[in-house]
Structure formats: structure tokens, C-alpha cells
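Colleague: Please see the structure below; I have some questions.
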2 protein chains.
Amino acid sequence: MSESSRIFTAALIVIGDEILSGRTHDKNIAQVATWLGAQGIRLAEVRVVSDHTPAIVEAVNALRARNDYLFTTGGIGPTHDDITVDAVAEALGVGVIVHPDARAILEGYYESRGGLNEARLRMARVPEGAELIPNRYTGAPGIRHGNIFLMAGVPQITAGMLDGLSGTLEGGQQLLSETVGCWCQESEVADLLRQTEADFASCQIGSYPFWRDGKSGANFVVRSVDADDLAACVRALARGLEAMDRPAYPGGIE
Amino acid sequence: MSESSRIFTAALIVIGDEILSGRTHDKNIAQVATWLGAQGIRLAEVRVVSDHTPAIVEAVNALRARNDYLFTTGGIGPTHDDITVDAVAEALGVGVIVHPDARAILEGYYESRGGLNEARLRMARVPEGAELIPNRYTGAPGIRHGNIFLMAGVPQITAGMLDGLSGTLEGGQQLLSETVGCWCQESEVADLLRQTEADFASCQIGSYPFWRDGKSGANFVVRSVDADDLAACVRALARGLEAMDRPAYPGGIE
């Protein structure tokens, strides 16, 4: 197996009581997942944990060992409830230092905004050995330590950090996907789905039902790293649906 | 400590490649979290896992042991990628049976919809020893086995199942919360937040910054099981903000 054909995986830890309380709807899972997909990296698992050091430490150590990359979102701001840096340092068994470049960035950013105070300086703290990830919006950088990436919790800032990392991480073959929609109950076509997946060894088919205006529909998402297999599997599935008098909608039903 | 003052926790496992691919934005975390809060149960942790039996088994066994309740969403439909029932049975070390009541419900539901076929009958399969959770929308029930609740992945169906369970689970004191908004940078008021939290032992304060129209703002969410403490803490925080010439917005800034 060549290096490029091995599968690269990542895990994500979403840190924050605001997600677990239901107050804030997470947007980072889908955002990080989509970005990773474009890098040829698969998001293999996600954990949402509270603002509680032992919870973060446990998740960091479980997930960093078994994935190529680990991302976290949340908890790197200036307030008392921002404990991600300390928790990750504890998980890694390293100290926390003020990164000189981060300090310089924050001094520049806050020069016209009231100056650097103790709370703002907290955002220059990193686990010892870390590098910085640029933040184009609010100065305070993200943090990379080995295969661990600490990102902001605010989705637009996370987006900027991810954008800055695009193309810099080694990934494998991109998992391609195509969607076929159908106005049917998935239970009518379950045998067809199972058989079609079995006929194309490199493909997986996911079935996602919905209801709209009193009608049952489903989108079938075919995934493969092989573009030819993917196209052939999608054609076979569409033909199978048509043979059951169920018109197939290429691209899916939105 | 009386029974009602102990803290009840729940965990949630979101099962599905469609979330991990970024294709589908999860809506069940916030929905389940909000519902649990109203039952006096705290959502302590969430894992998103793939449609892969070992991943589900690991998460079920880790989370059911250390929480009062465990909920799962996804993977209980009629197609080949619906493996939650089998994975949970494996985690529990029990067999899978066709539940007679579930079979009867599905026979009734599909009588006018083409009849019960093998795929539809899959939705009557449960881990041995399970009870059913009614599904008011599409027949196929949710499943309860001890402290584990297997729910649908489609959010509107999950909502109906949760509604049917309302008031049936033992919970503790509800965690109350109030939000105070402020047009300020959270780094300007970090000391105030830390000190105010320290002054009210039963309260936690979370700080959630945002940017809008080029202005920095933040919402400060105060949480407590004690209504009097909560109100006093919110008043103290608002007074502290006003003393810094930062008007406080009760209820937060939307």
C-alpha cells in the first residue's frame, strides 16, 4: 500500500458546557468534518466534553493515540472558564509557557484596544513545545502541539484557522461521495441498497430518510475512494430504483 | 443529601457516518440536552461515532456505566446501515429478539402501506429484555433497555419519542440559568467574572463572546440549582458591569 492510499483519521473534541446545556447549537462538527474531508482526512469520532479538566484530559489521551490528528474547539479565550490549554498540557505531561510570538501578536492587536492585561495575556499561554496557528480575526492564535490542534470555539474564528491550515496536513485519498434521492420509503428498497453495496466492494451506501408534505423520501449517499467504482455504483443504484418504478434523483433531494 | 438534590447525569451517543462526514448537521445534541435539562438531568458528555459496531459497543459500555442514563440517536431504521440494536445487544451481552408488540405496531402501520416486509420487520428487533418507546410519526418504536434509550436519528421523530418520555425519568434539581449580555470584550471583564463566580459558591459563569457589525459583545450565562443564589449572582454581575460603564442587558444579547 502506497503512503497516499492509507486512510488518515482525525478526532474532534468539542469543549464547552454551552453545547452540553443545549443553549448553543454546535456548528464546528460539520465545519471541521467538511474541511477534513477536503484534506483527505476522515473525521473518525467526536466527543463533546464539559469545561472540566479531567473530562478534557481523558478525551485528549484516548483520541490522540488512535488518530493521526486531534482537533479541539473551545476554551482558549481569556476568561476563567477557558481551561483547554492547561488541560491539554496536563494530558501531555508538559508545562504551560507564554509563547513569545503569541505575546507579540497580542501586544500588537490590543495596542489600540486598551492594551494587554492579565486576562488577554492568558491567550498567549501554550503547552510547552507548541507552535501557533494564525487567527485573522481577533489576534489570539490557535495552537498546534504535535498532532493536536487547539482551535477557537466561535465558528467564524475556527473557519479562519482551518483555512490557514489548508493543504499543510498530510492526508490520503479523498473519500468521494454522490447522492441519489428517491421519493420512496427506505424500507421498500432496503434489499436493493444492501445488494448494490455488496456488488461494489469499495463503496458504502448510507440511507437517510425524510418526510416532507406528507410524503416519504430518502437520500442514498454512496461513498468510495475510487471514482470509477463510485460512478458505477451510483448508476447501478439508479437503475435498480427505476426498475422498481421509483425515479432516481441524481444529486439527491434537498 | 436528599435524593432529589443529587445530580442526575446522562450521556448521548450520536450514531452515524452522515454526521462525521459533515453532510448532515446534527440537531439532536441540542434537542436532547434541552429536554434533559427540563427533566432535571444534566447532559454530561456526548460522543459521535461511526456506523461501525466496535465503535458503538465501546461508547455504550464506557458511558452507560458512569451516567444515570444513556441515550443514542440514529441507526434504528430498516436498512443495512442500521446496526444500533445489534451493537447495543452486543455491548450488553444479550441476544436480539423480535418484540411482539413492536411487530404488531408495524403490522398495523404498514397494513395500508404495502405490508410488512423483511426490512420493515428489522425495526421490531430489540435487545432481549427491552421495552418500547412510542413513535407517533412512523410506527417504528424507540427502545428502552434498563437505563439505555435508543432513539431515532431524524430529529422530528426523536422529538416525539422524547415528548412521550417526559416526566417518566427520575431527575434531580433543575440547573437554572440566566444570561446577561454586554457590548464589551470578555477580556475587559475577565476579573469581574472570576471574582463574581468565586463570591457565589453554587454558581458557575460561562462567557460566550461574539462579534456583530464590527462590535465585540459577550453573553455571560450564570448557572445554579439555587434560584436565590442565581438571582443574587446575576445582580452582582450586572452591577459590576455597570460600575465599569458597560451596560448589562438582562436576558442576554441575541
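Chain lettering (A, B, ...) mirrors the order of the C-alpha cells, residue numbering begins at 1 for each chain separately, and ligand numbering begins at 1 in order of display.
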Based on only C-alpha atoms, which of the residues in chain B come within 6 Å of chain A? I want them as a PDB file with C-alpha atoms, in the first residue's frame.
Modeller:
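Here's the written file iface-v3.pdb:
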ATOM      1  CA  LEU B  20     -18.974  12.577  10.743  1.00  0.00           C
ATOM      2  CA  SER B  21     -18.821  13.321   7.003  1.00  0.00           C
ATOM      3  CA  GLY B  22     -20.172  16.824   7.616  1.00  0.00           C
ATOM      4  CA  HIS B  25     -25.656  18.972  10.684  1.00  0.00           C
ATOM      5  CA  ALA B  30     -29.110  20.464  21.471  1.00  0.00           C
ATOM      6  CA  ALA B  33     -29.706  18.449  26.029  1.00  0.00           C
ATOM      7  CA  THR B  34     -32.615  20.869  26.336  1.00  0.00           C
ATOM      8  CA  LEU B  43     -26.112  16.016  29.712  1.00  0.00           C
ATOM      9  CA  GLU B  45     -20.941  14.018  27.667  1.00  0.00           C
ATOM     10  CA  VAL B  46     -21.635  13.263  24.029  1.00  0.00           C
ATOM     11  CA  ARG B  47     -19.870  11.027  21.546  1.00  0.00           C
ATOM     12  CA  VAL B  48     -20.434  10.949  17.813  1.00  0.00           C
ATOM     13  CA  VAL B  49     -19.447   7.543  16.440  1.00  0.00           C
ATOM     14  CA  PRO B  78     -34.811  -0.688   8.226  1.00  0.00           C
ATOM     15  CA  THR B  79     -31.659  -0.573   6.088  1.00  0.00           C
ATOM     16  CA  HIS B  80     -28.346  -2.429   6.146  1.00  0.00           C
ATOM     17  CA  ALA B 119     -36.634  -4.800   6.028  1.00  0.00           C
ATOM     18  CA  ARG B 120     -39.572  -3.332   7.963  1.00  0.00           C
ATOM     19  CA  SER B 187     -11.088  40.118  28.178  1.00  0.00           C
ATOM     20  CA  ALA B 190     -12.489  38.628  32.965  1.00  0.00           C
ATOM     21  CA  ARG B 194     -13.848  35.280  38.010  1.00  0.00           C
TER      22      ARG B 194
END
Colleague: Would you mind writing down, as a ChimeraX atom specification, each residue of region 72-174 of chain B that DSSP on the backbone assigns to alpha helix (DSSP H)?
Modeller: /B:84-92,100-110,118-121,155-165
Colleague: Could you save the residues just selected, with C-alpha atoms, as an mmCIF file, in the first residue's frame?
Modeller:
data_model
loop_
_atom_site.group_PDB
_atom_site.id
_atom_site.type_symbol
_atom_site.label_atom_id
_atom_site.label_comp_id
_atom_site.auth_asym_id
_atom_site.auth_seq_id
_atom_site.Cartn_x
_atom_site.Cartn_y
_atom_site.Cartn_z
ATOM 1 C CA THR B 84 -27.559 0.170 16.599
ATOM 2 C CA VAL B 85 -29.794 -2.602 18.026
ATOM 3 C CA ASP B 86 -27.234 -5.308 17.290
ATOM 4 C CA ALA B 87 -24.351 -3.222 18.637
ATOM 5 C CA VAL B 88 -26.153 -2.363 21.866
ATOM 6 C CA ALA B 89 -27.153 -6.022 22.354
ATOM 7 C CA GLU B 90 -23.501 -6.956 21.887
ATOM 8 C CA ALA B 91 -22.444 -4.331 24.437
ATOM 9 C CA LEU B 92 -24.988 -5.695 26.930
ATOM 10 C CA PRO B 100 -44.108 -8.973 19.709
ATOM 11 C CA ASP B 101 -45.648 -5.569 20.459
ATOM 12 C CA ALA B 102 -43.296 -3.845 18.020
ATOM 13 C CA ARG B 103 -44.217 -6.396 15.382
ATOM 14 C CA ALA B 104 -47.914 -5.734 15.995
ATOM 15 C CA ILE B 105 -47.393 -1.951 15.778
ATOM 16 C CA LEU B 106 -45.522 -2.293 12.482
ATOM 17 C CA GLU B 107 -48.126 -4.691 11.046
ATOM 18 C CA GLY B 108 -50.789 -2.095 11.773
ATOM 19 C CA TYR B 109 -48.736 0.802 10.434
ATOM 20 C CA TYR B 110 -47.787 -0.935 7.174
ATOM 21 C CA GLU B 118 -38.199 -8.267 5.913
ATOM 22 C CA ALA B 119 -36.634 -4.800 6.028
ATOM 23 C CA ARG B 120 -39.572 -3.332 7.963
ATOM 24 C CA LEU B 121 -39.560 -6.256 10.375
ATOM 25 C CA PRO B 155 -34.863 14.943 14.725
ATOM 26 C CA GLN B 156 -38.649 15.291 14.441
ATOM 27 C CA ILE B 157 -39.123 11.607 15.296
ATOM 28 C CA THR B 158 -36.659 11.889 18.175
ATOM 29 C CA ALA B 159 -38.672 14.871 19.431
ATOM 30 C CA GLY B 160 -41.854 12.786 19.527
ATOM 31 C CA MET B 161 -40.115 9.991 21.409
ATOM 32 C CA LEU B 162 -38.656 12.422 23.955
ATOM 33 C CA ASP B 163 -42.047 14.020 24.408
ATOM 34 C CA GLY B 164 -43.516 10.608 25.206
ATOM 35 C CA LEU B 165 -40.826 10.079 27.865
#
Colleague: Of the residues B:Gly214, B:Gly172, B:Gly146, B:Pro250, which is the one nearest to Tyr69 (chain B), using only C-alpha atoms?
Modeller: B:Gly146
Colleague: What does the distance between CA of Ile41 (chain B) and CA of Pro54 (chain A) come to in Å, to one decimal place?
Modeller: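 These atoms are spaced 20.5 Å apart.
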Colleague: So that I can see what lies close to Met151 (chain A), please list as a PyMOL selection string the residues with an atom at most 7 Å from it, counting only C-alpha atoms and leaving out residues fewer than 3 positions away in the same chain.
Modeller: chain A and resi 72-74+142-143+158
Colleague: Can you write out the residues you just picked, keeping N, CA and C atoms, as a compact mmCIF listing (two decimals), in the first residue's frame?
Modeller:
# COMPACT_ATOMS: atom_id res chain seq x y z
N THR A 72 -9.32 20.24 18.74
CA THR A 72 -10.27 20.65 19.77
C THR A 72 -10.84 22.01 19.37
N THR A 73 -12.08 22.26 19.79
CA THR A 73 -12.66 23.60 19.63
C THR A 73 -13.15 24.06 20.99
N GLY A 74 -12.89 25.33 21.29
CA GLY A 74 -13.43 25.94 22.50
C GLY A 74 -12.44 26.00 23.66
N GLY A 142 -4.59 30.18 17.41
CA GLY A 142 -4.77 28.77 17.74
C GLY A 142 -3.42 28.16 18.05
N ILE A 143 -3.41 26.91 18.46
CA ILE A 143 -2.20 26.28 18.99
C ILE A 143 -2.06 24.88 18.40
N THR A 158 -12.82 29.75 14.08
CA THR A 158 -12.36 28.40 13.73
C THR A 158 -12.18 28.28 12.22
Colleague: Any idea what the distance is between CA of Arg66 (chain B) and CA of Gln39 (chain B)?
Modeller: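 The value is 18.6 Å.
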Colleague: Please list as a short mmCIF file (atom, residue, chain, number, x, y, z; two decimals) with N, CA and C atoms, in the first residue's frame every residue within 12 Å of Arg235 (chain B), counting only C-alpha atoms and excluding residues in the same chain fewer than 2 positions away.
Modeller:
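File part05.cif, as written:
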data_model
loop_
_atom_site.label_atom_id
_atom_site.label_comp_id
_atom_site.auth_asym_id
_atom_site.auth_seq_id
_atom_site.Cartn_x
_atom_site.Cartn_y
_atom_site.Cartn_z
N GLU B 178 -29.44 32.01 33.90
CA GLU B 178 -29.84 33.32 33.41
C GLU B 178 -28.67 33.91 32.65
N THR B 179 -29.01 34.70 31.63
CA THR B 179 -27.98 35.26 30.77
C THR B 179 -27.95 36.77 30.93
N VAL B 180 -26.74 37.32 31.01
CA VAL B 180 -26.53 38.76 31.00
C VAL B 180 -25.65 39.08 29.80
N THR B 196 -16.83 37.31 40.62
CA THR B 196 -18.26 37.11 40.87
C THR B 196 -18.57 35.62 41.05
N PHE B 200 -20.06 33.48 44.71
CA PHE B 200 -21.31 32.70 44.80
C PHE B 200 -20.99 31.23 44.54
N VAL B 222 -25.08 32.49 33.72
CA VAL B 222 -24.92 32.09 35.12
C VAL B 222 -25.81 30.89 35.36
N ASP B 228 -32.27 31.62 44.44
CA ASP B 228 -31.88 32.86 45.13
C ASP B 228 -30.43 33.22 44.82
N ASP B 229 -29.55 32.22 44.92
CA ASP B 229 -28.14 32.46 44.58
C ASP B 229 -28.02 32.96 43.14
N LEU B 230 -28.78 32.32 42.27
CA LEU B 230 -28.69 32.69 40.86
C LEU B 230 -29.06 34.15 40.67
N ALA B 231 -30.18 34.56 41.28
CA ALA B 231 -30.63 35.95 41.13
C ALA B 231 -29.62 36.92 41.72
N ALA B 232 -29.06 36.55 42.88
CA ALA B 232 -28.08 37.44 43.53
C ALA B 232 -26.81 37.54 42.69
N CYS B 233 -26.38 36.44 42.14
CA CYS B 233 -25.16 36.44 41.32
C CYS B 233 -25.35 37.28 40.06
N LEU B 237 -23.28 40.62 39.09
CA LEU B 237 -22.57 40.72 37.81
C LEU B 237 -23.01 41.97 37.05
N ALA B 238 -24.32 42.20 37.01
CA ALA B 238 -24.83 43.37 36.30
C ALA B 238 -24.33 44.66 36.94
N ARG B 239 -24.34 44.71 38.28
CA ARG B 239 -23.81 45.90 38.97
C ARG B 239 -22.33 46.11 38.65
N GLY B 240 -21.58 45.02 38.63
CA GLY B 240 -20.15 45.10 38.32
C GLY B 240 -19.90 45.64 36.92
N LEU B 241 -20.70 45.18 35.97
CA LEU B 241 -20.56 45.67 34.60
C LEU B 241 -20.90 47.16 34.51
N GLU B 242 -22.01 47.54 35.17
CA GLU B 242 -22.43 48.95 35.15
C GLU B 242 -21.34 49.83 35.77
N ALA B 248 -25.43 46.42 31.21
CA ALA B 248 -25.74 45.00 31.20
C ALA B 248 -27.12 44.78 30.59
N TYR B 249 -27.24 43.81 29.72
CA TYR B 249 -28.52 43.50 29.07
C TYR B 249 -29.10 42.23 29.68
N PRO B 250 -30.11 42.39 30.56
CA PRO B 250 -30.72 41.18 31.16
C PRO B 250 -31.32 40.30 30.06
#
